[in-house]
Protein chains: 2
Amino acid sequence: MERFPAVTLKLPDWIDEIARPGEIFVSQEERMRFVISLAARNIERGTGGPFGAAVFEVATGALIAPGVNIVVPQSCSVAHAEALALMVAQKMLGTFDLGAPGMPRMELITTAQPCIQCFGNVWWSGIKRLVTGASTQQTEAIAGFSEGPVPLDWAVLLRDRKPSIEVIEGVLADEACQVLQRYKESGGYIYNPDNA
Amino acid sequence: MERFPAVTLKLPDWIDEIARPGEIFVSQEERMRFVISLAARNIERGTGGPFGAAVFEVATGALIAPGVNIVVPQSCSVAHAEALALMVAQKMLGTFDLGAPGMPRMELITTAQPCIQCFGNVWWSGIKRLVTGASTQQTEAIAGFSEGPVPLDWAVLLRDRKPSIEVIEGVLADEACQVLQRYKESGGYIYNPDNA
């Protein structure tokens with residue numbers, strides 16, 4: 001009898017060539033530059049969309065897990081960069097809650113403001129801080145991607161959540177936008193339109 | 001060198017004992033009764049939370065993929081029932097877009113109104129219809145689960161999306177609520193509180 005398959009989501013092989021678990025990224029800018037490099041390489045290698053993200057320990061800057069968008073090559077609309085980083089981090093640490101008692105504070109750094117799906121991923125992930133690069137306006141204007149009906153007060157909602165999720169916006173936004181611009185200019189595929 | 005692991009999400013083994021790909025569920029109620037039975041069995045077997053979902057072909061009622069909540073046992077906050085059903089369906093059909101040109105219309109049937117994360121999953125999945133059982137008010141009141149900051153006009157947003165996602169609410173809501181009630185009474189674990 002045919003069975004229902006398991007779903008396996010796998011980061012591209014090149015990620016293990018450029019990063020390792022526990023690697024230290026001291027400053028916020030270093031962390032953001034790393035996730036922007038993930039987005040750039042993901043385009044160059046043809047392994048997915050122009051988005052990168054990673055979970056770090058806030059205090060030490062230790063890399064817990066990177067993520068890139070693998071929606072198209074791995075046939076999964078859930079597989080945005082943020083979701084991958086969060087899922088791989090939870091797998092590494094053996095918990096569904098990155099904010100579980102006794103854990104160090106974790107943050108998600110992402111090249112672009114979360115779409116409606118990633119906003120929901122963040123909400124339940126247990127991270128204590130979210131750091132973004134390009135704004136939704138930039139992502140939609142430059143590359144033509146849609147972010148869906150994210151509440152206008154998304155950052156306030158995260159900050160007012162209990163426990164709270166701190167939000168820092170616009171870190172290295174220009175560099176994050178450049179990757180989107182390159183993707184657009186190279187004729188990159190804009191999947192999942194919601195304005196057809 | 002330590003590497004970053006792949007993430008594998010696997011439906012509980014008992015699912016293959018009670019359902020097979022392509023099985024026909026003629027009416028809306030039959031489809032909802034099936035996903036409620038998934039939620040109930042998921043509690044009984046201790047394989048996850050009290051939520052079930054499935055993707056069906058709208059016209060034929062053919063089951064494409066079932067899903068249950070496996071957040072806690074599989075250490076993944078993304079692994080809500082709706083996400084599983086959508087990811088397994090996309091894997092079965094080899095596409096990230098269940099609404100791709102030439103595909104039959106697909107629907108997601110779910111025992112409870114989507115949380116903020118599942119709302120985002122639905123938005124990008126390609127399904128053309130969403131059918132819900134218990135309302136958010138019921139889920140939060142009966143079982144103590146939170147659904148997060150879902151927009152109040154979530155159903156309107158889905159209907160007004162282009163392409164549109166039709167919404168049918170409250171199918172067999174009483175039966176869906178009974179599963180939540182049993183979970184609550186059995187002392188079921190309410191994970192991921194956002195009101196700590």
# chains A, B, ... in the order shown; residues from 1 in each chain; ligands from 1
call {"tool": "residues_around", "arguments": {"residues": "B:Val88", "least_positions_apart": "3", "cutoff": "7 Å", "atoms": "only C-alpha atoms", "output": "number ranges by chain"}}
result
A: 5, 7; B: 65, 84-85, 91-92
call {"tool": "write_last_selection", "arguments": {"atoms": "N, CA and C atoms", "output": "mmCIF file, in the first residue's frame"}}
result
data_model
loop_
_atom_site.group_PDB
_atom_site.id
_atom_site.type_symbol
_atom_site.label_atom_id
_atom_site.label_comp_id
_atom_site.auth_asym_id
_atom_site.auth_seq_id
_atom_site.Cartn_x
_atom_site.Cartn_y
_atom_site.Cartn_z
ATOM 1 N N PRO A 5 4.566 10.100 2.627
ATOM 2 C CA PRO A 5 6.010 10.269 2.830
ATOM 3 C C PRO A 5 6.333 11.198 3.996
ATOM 4 N N VAL A 7 8.592 14.358 5.318
ATOM 5 C CA VAL A 7 9.077 15.570 4.656
ATOM 6 C C VAL A 7 10.468 15.883 5.208
ATOM 7 N N ALA B 65 -3.269 14.413 1.406
ATOM 8 C CA ALA B 65 -2.337 14.240 2.529
ATOM 9 C C ALA B 65 -2.986 14.629 3.839
ATOM 10 N N LEU B 84 1.778 20.348 8.388
ATOM 11 C CA LEU B 84 2.117 18.980 7.981
ATOM 12 C C LEU B 84 1.312 18.548 6.769
ATOM 13 N N ALA B 85 -0.001 18.774 6.818
ATOM 14 C CA ALA B 85 -0.852 18.359 5.688
ATOM 15 C C ALA B 85 -0.393 19.053 4.403
ATOM 16 N N LYS B 91 4.857 17.530 -1.104
ATOM 17 C CA LYS B 91 5.842 16.475 -1.350
ATOM 18 C C LYS B 91 5.251 15.381 -2.257
ATOM 19 N N MET B 92 4.022 14.962 -1.952
ATOM 20 C CA MET B 92 3.353 13.925 -2.768
ATOM 21 C C MET B 92 3.258 14.361 -4.229
#
call {"tool": "select_by_dssp", "arguments": {"residues": "stretch 43-184 of chain A", "states": "strand (DSSP E)", "output": "MDAnalysis selection string"}}
result
chainID A and resid 52:57 63:68 106:112 129:134 166:168
call {"tool": "residues_around", "arguments": {"residues": "stretch 39-49 of chain A", "least_positions_apart": "5", "cutoff": "6 Å", "atoms": "only C-alpha atoms", "output": "JSON list (two decimals) with N, CA and C atoms, in the first residue's frame"}}
result
[["chain", "number", "residue", "atom", "x", "y", "z"],
["A", 69, "ASN", "N", 16.12, 30.26, 1.85],
["A", 69, "ASN", "CA", 14.84, 29.93, 1.21],
["A", 69, "ASN", "C", 15.06, 28.80, 0.21],
["A", 70, "ILE", "N", 14.35, 27.67, 0.42],
["A", 70, "ILE", "CA", 14.49, 26.52, -0.49],
["A", 70, "ILE", "C", 13.12, 26.09, -1.01],
["A", 179, "VAL", "N", 21.14, 42.46, -2.65],
["A", 179, "VAL", "CA", 20.95, 41.06, -3.05],
["A", 179, "VAL", "C", 19.61, 40.89, -3.77]]
call {"tool": "select_by_dssp", "arguments": {"residues": "chain B", "states": "alpha helix (DSSP H)", "output": "VMD selection string"}}
result
chain B and resid 15 to 18 28 to 44 81 to 93 116 to 125 136 to 143 154 to 160 173 to 185
call {"tool": "atom_distance", "arguments": {"atom1": "atom CA of B:Tyr183", "atom2": "atom CA of B:Phe145"}}
result
11.0 Å
call {"tool": "closest_residue", "arguments": {"among": "A:Cys76, A:Ala62, A:Leu9, A:Val171", "to": "A:Thr111", "atoms": "only C-alpha atoms"}}
result
A:Val171
call {"tool": "closest_residue", "arguments": {"among": "A:Ala19, A:Phe25, A:Ala81, A:Met87", "to": "B:Ala6", "atoms": "only C-alpha atoms"}}
result
A:Met87
